[in-house]
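What follows is the content of entry12.csv (CSV, C-alpha atoms).
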```csv
chain,number,residue,atom,x,y,z
A,37,MET,CA,-16.7,18.8,1.4
A,38,GLN,CA,-14.5,15.8,0.8
A,39,PRO,CA,-13.3,13.5,3.6
A,40,PRO,CA,-9.6,13.0,4.0
A,41,ALA,CA,-10.0,9.4,2.9
A,42,PRO,CA,-12.9,7.4,1.4
A,43,ILE,CA,-15.5,6.5,4.1
A,44,LEU,CA,-16.4,2.8,4.0
A,45,TYR,CA,-18.8,2.6,7.0
A,46,GLU,CA,-20.1,5.1,9.6
A,47,ASP,CA,-22.7,5.1,12.4
A,48,ASN,CA,-22.9,6.8,15.8
A,49,HIS,CA,-20.2,4.5,17.2
A,50,LEU,CA,-17.7,3.6,14.4
A,51,LEU,CA,-16.0,5.2,11.5
A,52,ALA,CA,-14.2,3.0,8.9
A,53,VAL,CA,-12.1,4.5,6.1
A,54,ASN,CA,-10.0,3.3,3.3
A,55,LYS,CA,-6.6,4.7,4.3
A,56,LEU,CA,-4.5,5.9,1.4
A,57,PRO,CA,-0.7,5.1,1.2
A,58,GLY,CA,1.3,7.9,2.8
A,59,GLN,CA,-1.3,8.9,5.3
A,60,ILE,CA,-0.3,8.6,9.0
A,61,VAL,CA,-2.8,7.3,11.5
A,62,GLN,CA,-1.4,9.1,14.6
A,63,GLY,CA,1.1,11.9,15.1
A,64,ASP,CA,4.8,11.1,14.7
A,65,LYS,CA,8.1,12.9,14.6
A,66,THR,CA,7.5,14.2,11.0
A,67,GLY,CA,4.9,16.6,12.4
A,68,ASP,CA,2.5,15.7,9.6
A,69,VAL,CA,-1.2,16.0,10.5
A,70,PRO,CA,-2.4,12.5,11.2
A,71,LEU,CA,-5.6,11.0,9.7
A,72,SER,CA,-7.2,10.9,13.1
A,73,GLU,CA,-7.0,14.7,13.5
A,74,GLN,CA,-8.0,15.3,9.9
A,75,PHE,CA,-11.2,13.3,10.4
A,76,LYS,CA,-11.9,15.1,13.7
A,77,ALA,CA,-11.9,18.4,11.8
A,78,PHE,CA,-13.9,16.9,9.0
A,79,ILE,CA,-16.7,15.6,11.3
A,80,LYS,CA,-16.8,18.8,13.3
A,81,GLU,CA,-17.4,20.8,10.2
A,82,ARG,CA,-19.7,18.4,8.4
A,83,ASP,CA,-21.9,17.8,11.4
A,84,ALA,CA,-21.6,21.4,12.8
A,85,LYS,CA,-20.5,20.1,16.2
A,86,PRO,CA,-20.0,22.8,18.8
A,87,GLY,CA,-17.6,20.9,21.0
A,88,ASN,CA,-14.6,18.6,20.5
A,89,VAL,CA,-15.0,15.5,18.4
A,90,PHE,CA,-14.0,12.2,20.0
A,91,LEU,CA,-12.2,9.8,17.6
A,92,GLY,CA,-10.3,6.9,19.1
A,93,VAL,CA,-7.8,4.8,17.2
A,94,ALA,CA,-8.7,1.2,17.5
A,95,HIS,CA,-5.7,-0.2,15.5
A,96,ARG,CA,-2.9,1.2,13.3
A,97,LEU,CA,-1.6,0.8,9.7
A,98,ASP,CA,1.9,1.7,8.7
A,99,ARG,CA,2.3,4.9,6.7
A,100,PRO,CA,3.0,3.2,3.3
A,101,VAL,CA,0.1,0.7,3.8
A,102,SER,CA,-3.4,1.2,2.5
A,103,GLY,CA,-6.8,-0.3,3.4
A,104,VAL,CA,-9.4,-0.5,6.1
A,105,LEU,CA,-8.8,1.6,9.2
A,106,LEU,CA,-11.3,1.6,12.0
A,107,PHE,CA,-11.9,4.5,14.4
A,108,ALA,CA,-14.2,4.6,17.5
A,109,LYS,CA,-16.5,7.6,17.8
A,110,THR,CA,-17.3,7.0,21.5
A,111,GLY,CA,-15.2,6.0,24.5
A,112,LYS,CA,-17.5,2.9,25.1
A,113,ALA,CA,-16.9,1.7,21.5
A,114,LEU,CA,-13.2,2.2,21.8
A,115,ALA,CA,-12.9,0.3,25.1
A,116,ARG,CA,-14.9,-2.6,23.7
A,117,LEU,CA,-12.9,-2.7,20.5
A,118,ASN,CA,-9.6,-2.8,22.4
A,119,ALA,CA,-11.0,-5.7,24.5
A,120,MET,CA,-12.0,-7.5,21.3
A,121,ILE,CA,-8.5,-7.1,19.8
A,122,ARG,CA,-6.9,-8.4,23.0
A,123,GLU,CA,-9.2,-11.5,22.9
A,124,ARG,CA,-8.6,-12.0,19.1
A,125,GLU,CA,-12.3,-11.4,18.3
A,126,PHE,CA,-11.3,-9.0,15.6
A,127,GLN,CA,-10.4,-10.6,12.3
A,128,LYS,CA,-8.0,-8.6,10.1
A,129,ILE,CA,-7.3,-9.8,6.6
A,130,TYR,CA,-4.5,-8.3,4.4
A,131,TRP,CA,-3.5,-8.7,0.8
A,132,ALA,CA,0.2,-8.4,-0.1
A,133,ILE,CA,1.8,-8.5,-3.5
A,134,CYS,CA,5.2,-10.2,-2.9
A,135,ARG,CA,8.3,-10.4,-5.1
A,136,ASN,CA,8.5,-14.2,-4.8
A,137,GLU,CA,6.1,-17.0,-4.3
A,138,PRO,CA,6.5,-19.0,-1.1
A,139,VAL,CA,7.5,-22.7,-1.2
A,140,GLU,CA,4.3,-23.7,0.5
A,141,PRO,CA,1.1,-22.2,-1.0
A,142,GLN,CA,-0.3,-21.8,2.5
A,143,GLY,CA,1.0,-21.9,6.0
A,144,HIS,CA,1.2,-20.7,9.6
A,145,LEU,CA,4.0,-18.5,10.8
A,146,LEU,CA,4.8,-18.4,14.5
A,147,GLN,CA,7.9,-16.5,15.3
A,148,TYR,CA,9.3,-13.9,17.7
A,149,LEU,CA,10.2,-10.3,16.8
A,150,TYR,CA,12.1,-7.5,18.4
A,151,LYS,CA,12.0,-3.8,17.4
A,152,ASN,CA,15.1,-1.8,17.0
A,153,GLU,CA,14.1,1.8,17.9
A,154,ALA,CA,17.2,3.3,16.3
A,155,ASN,CA,16.3,2.3,12.8
A,156,ASN,CA,12.5,1.7,13.3
A,157,LYS,CA,12.8,-1.8,12.1
A,158,SER,CA,11.8,-5.2,13.5
A,159,TYR,CA,13.7,-8.5,13.3
A,160,ILE,CA,13.0,-12.2,13.8
A,161,CYS,CA,14.7,-13.4,16.9
A,162,PRO,CA,14.9,-16.3,19.4
A,163,PRO,CA,12.0,-16.3,21.9
A,164,GLU,CA,14.4,-15.8,24.8
A,165,ARG,CA,15.8,-12.5,23.5
A,166,PRO,CA,15.0,-9.6,25.8
A,167,GLY,CA,12.0,-7.6,24.4
A,168,ALA,CA,11.0,-10.5,22.0
A,169,GLN,CA,7.3,-10.6,21.2
A,170,LYS,CA,5.3,-13.5,19.7
A,171,ALA,CA,4.2,-12.8,16.2
A,172,GLU,CA,1.6,-15.1,14.5
A,173,LEU,CA,-0.2,-15.1,11.2
A,174,TYR,CA,-1.7,-17.4,8.6
A,175,TYR,CA,-1.1,-17.0,4.9
A,176,LYS,CA,-2.2,-18.4,1.6
A,177,VAL,CA,-1.4,-17.6,-2.1
A,178,ILE,CA,-4.5,-16.4,-3.9
A,179,GLY,CA,-2.9,-15.3,-7.2
A,180,HIS,CA,0.4,-15.1,-9.0
A,181,SER,CA,2.1,-13.8,-12.1
A,182,GLU,CA,5.5,-14.3,-13.6
A,183,ARG,CA,7.2,-12.1,-11.0
A,184,TYR,CA,4.7,-11.7,-8.2
A,185,ALA,CA,2.5,-13.6,-5.8
A,186,LEU,CA,-0.7,-12.2,-4.3
A,187,ILE,CA,-0.8,-13.5,-0.7
A,188,GLU,CA,-3.7,-13.2,1.7
A,189,VAL,CA,-2.7,-12.9,5.4
A,190,GLU,CA,-4.8,-13.3,8.5
A,191,LEU,CA,-3.1,-11.5,11.3
A,192,CYS,CA,-3.3,-13.0,14.7
A,193,THR,CA,-1.1,-10.6,16.6
A,194,GLY,CA,-0.3,-6.9,15.9
A,195,ARG,CA,3.4,-6.4,16.1
A,196,HIS,CA,5.5,-3.6,14.7
A,197,HIS,CA,5.9,-4.2,10.9
A,198,GLN,CA,4.8,-7.8,11.5
A,199,ILE,CA,3.6,-8.9,8.1
A,200,ARG,CA,6.4,-7.1,6.4
A,201,VAL,CA,9.0,-8.9,8.5
A,202,GLN,CA,7.5,-12.4,8.5
A,203,LEU,CA,6.8,-12.5,4.7
A,204,ALA,CA,10.3,-11.2,4.0
A,205,GLY,CA,11.7,-13.8,6.4
A,206,MET,CA,10.3,-16.6,4.2
A,207,GLY,CA,11.9,-15.0,1.1
A,208,CYS,CA,8.8,-13.1,-0.1
A,209,PRO,CA,9.5,-9.3,0.5
A,210,ILE,CA,6.5,-7.1,-0.2
A,211,GLN,CA,6.7,-5.3,-3.5
A,212,GLY,CA,8.1,-1.8,-2.9
A,213,ASP,CA,9.3,-2.5,0.6
A,214,LEU,CA,12.9,-1.5,0.5
A,215,LYS,CA,13.2,-1.6,4.3
A,216,TYR,CA,12.6,-5.4,4.3
A,217,GLY,CA,14.4,-6.5,1.2
A,218,ASP,CA,12.6,-5.6,-2.0
A,219,LYS,CA,14.7,-4.3,-4.8
A,220,ARG,CA,12.7,-1.3,-6.0
A,221,SER,CA,10.5,1.3,-4.4
A,222,ASN,CA,7.1,2.3,-5.7
A,223,PRO,CA,6.8,5.7,-7.3
A,224,ASP,CA,4.3,6.9,-4.7
A,225,GLY,CA,6.3,5.6,-1.7
A,226,SER,CA,3.7,2.9,-1.0
A,227,ILE,CA,4.3,-0.7,-0.4
A,228,SER,CA,1.9,-3.3,-1.9
A,229,LEU,CA,0.3,-4.2,1.4
A,230,HIS,CA,-3.5,-3.6,1.8
A,231,ALA,CA,-5.8,-4.1,4.7
A,232,ARG,CA,-8.5,-5.9,2.7
A,233,TYR,CA,-11.2,-6.3,5.3
A,234,LEU,CA,-12.1,-6.4,8.9
A,235,GLN,CA,-14.7,-8.7,10.4
A,236,LEU,CA,-16.1,-8.2,13.9
A,237,ILE,CA,-19.2,-8.1,16.1
A,238,HIS,CA,-20.3,-4.5,16.3
A,239,PRO,CA,-19.1,-3.4,19.8
A,240,VAL,CA,-22.5,-1.7,20.7
A,241,ARG,CA,-25.1,-3.2,18.4
A,242,LYS,CA,-23.8,-6.7,18.6
A,243,THR,CA,-24.4,-7.5,15.0
A,244,GLU,CA,-21.9,-9.0,12.5
A,245,LEU,CA,-20.0,-6.4,10.6
A,246,ARG,CA,-17.6,-6.9,7.7
A,247,ILE,CA,-15.9,-3.9,6.2
A,248,GLU,CA,-14.1,-4.3,2.9
A,249,ALA,CA,-11.7,-1.8,1.2
A,250,PRO,CA,-11.2,-1.8,-2.6
A,251,THR,CA,-7.6,-2.3,-3.6
A,252,PRO,CA,-5.6,0.6,-5.0
A,253,GLN,CA,-5.8,1.3,-8.7
A,254,SER,CA,-2.1,2.0,-9.1
A,255,GLY,CA,1.1,0.0,-9.5
A,256,VAL,CA,0.6,-3.7,-10.0
A,257,TRP,CA,-2.7,-4.0,-8.1
A,258,PRO,CA,-4.9,-3.8,-11.3
A,259,HIS,CA,-3.1,-6.9,-12.6
A,260,PHE,CA,-4.4,-8.9,-9.7
A,261,CYS,CA,-7.6,-7.2,-8.7
```
Written as structure tokens, that's how I'd like the structure from this file.
Amino acid sequence: MQPPAPILYEDNHLLAVNKLPGQIVQGDKTGDVPLSEQFKAFIKERDAKPGNVFLGVAHRLDRPVSGVLLFAKTGKALARLNAMIREREFQKIYWAICRNEPVEPQGHLLQYLYKNEANNKSYICPPERPGAQKAELYYKVIGHSERYALIEVELCTGRHHQIRVQLAGMGCPIQGDLKYGDKRSNPDGSISLHARYLQLIHPVRKTELRIEAPTPQSGVWPHFC
């Protein structure tokens, strides 16, 4: 029996998987079965559990994004993870292959975003705009080719499409991301944004935990990784 996505780490409290591009984390208007429900069914069958399986979503990844996705297998673990995320005790590192290289090889972006529900898109805006939310990240270039730059991003806040909007806003749209300014889509519908690793203190065991996801082996990723 194969899991719906590769399992990176699992114990009695946590489940971390390498989400594949195209998989949705929670239900949406498409009606497609989300990864959370797929893994509930997988665990129920694998472990022969008689009752319902608890699997809480600690954070989300956009559908075309790949990489580390963390679930909580108990309510206590989920509550503690949510508190850690609010207190910024949950380090999230992403890799993005971008169409252009930024002017500065590393930097700090602090902006405000608002989400347009009608087109499911976020925009950089003045802080005083109604509905504006602070968006903060750090970035640095860790590789480049003739046409692309590999950018590492440390996410400080978790806003809608945040990395996609802010990188595009400095002239570096993510490869394959038509919604935010790239010129061509990827054949598989993905964008070249990957949640590379999470680093945190285990919410129950209180030990350091670093969970790393291998990069995809498709598109331009093999040229960098």
Could you give me, as a tab-separated table, a per-residue list for stretch 179-234 of chain A showing, wherever an atom lies at most 9 Å from an atom of stretch 55-72 of chain A, the closest pair of atoms and their distance in Å to one decimal, using only C-alpha atoms and sorting by chain then residue number from low to high?
```
residue	atom	partner	partner_atom	distance
A:Asp224	CA	A:Pro57	CA	7.9
A:Gly225	CA	A:Gly58	CA	7.1
A:Ser226	CA	A:Pro57	CA	5.4
A:Ile227	CA	A:Pro57	CA	7.8
A:Ala231	CA	A:Lys55	CA	8.8
```
Original post:
Within 9 Å of stretch 122-138 of chain A, counting only C-alpha atoms, which residues qualify if same-chain residues fewer than 6 places away don't, as a PyMOL selection string?
Top reply: chain A and resi 103+177+180+183-193+199+203-204+206-212+218-219+227-237+251+256-257+260
**OP:** Compare A:Asn222, A:Asn88, A:Gln169, A:Thr243 by their minimum atom-to-atom distance to A:Lys76, counting all atoms listed in the file, and give me the closest one.
**Re:**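 For A:Lys76, the nearest of the candidates is A:Asn88.
The residue that comes closest to A:Asn118, out of A:Gly179, A:Gly167, A:Pro162, A:Gly92 and on the basis of only C-alpha atoms, is A:Gly92.
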**OP:** Rounded to one decimal place, report the atom CA of A:Glu182-atom CA of A:Glu248 distance in Å.
**Re:** 27.5 Å
Original post:
Between A:Lys242, A:Lys170, A:His49, A:Arg99, which has the minimum distance to A:Gln198 (counting all atoms listed in the file)?
Top reply: A:Lys170
Original post:
For A:Lys176, which of A:Cys161, A:Leu117, A:Leu145, A:Val93 is the closest residue, counting all atoms listed in the file?
Top reply: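 Among A:Cys161, A:Leu117, A:Leu145, A:Val93, it is A:Leu145 that comes nearest to A:Lys176.
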Original post:
What is the distance between atom CA of A:Gly194 and atom CA of A:Asn155, in Å to one decimal?
Top reply: 19.2 Å
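Straight-line separation from atom CA of A:Ala52 to atom CA of A:His197: 21.4 Å.
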Subject >> Close residues, A:Gln38 itself excluded, 10 Å, only C-alpha atoms, min 3 positions apart in chain, as a count of residues only >> reply: 5
Original post:
With all atoms listed in the file as the atoms that count, which of A:Cys261, A:Val101, A:Ala113, A:Leu91 lies nearest to A:Asp213?
Top reply: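 The answer is A:Val101, which sits nearest to A:Asp213.
Using all atoms listed in the file, the shortest contact distance between A:Asp47 and any of A:Arg200, A:His95, A:Lys215, A:Arg241 is found at A:Arg241.
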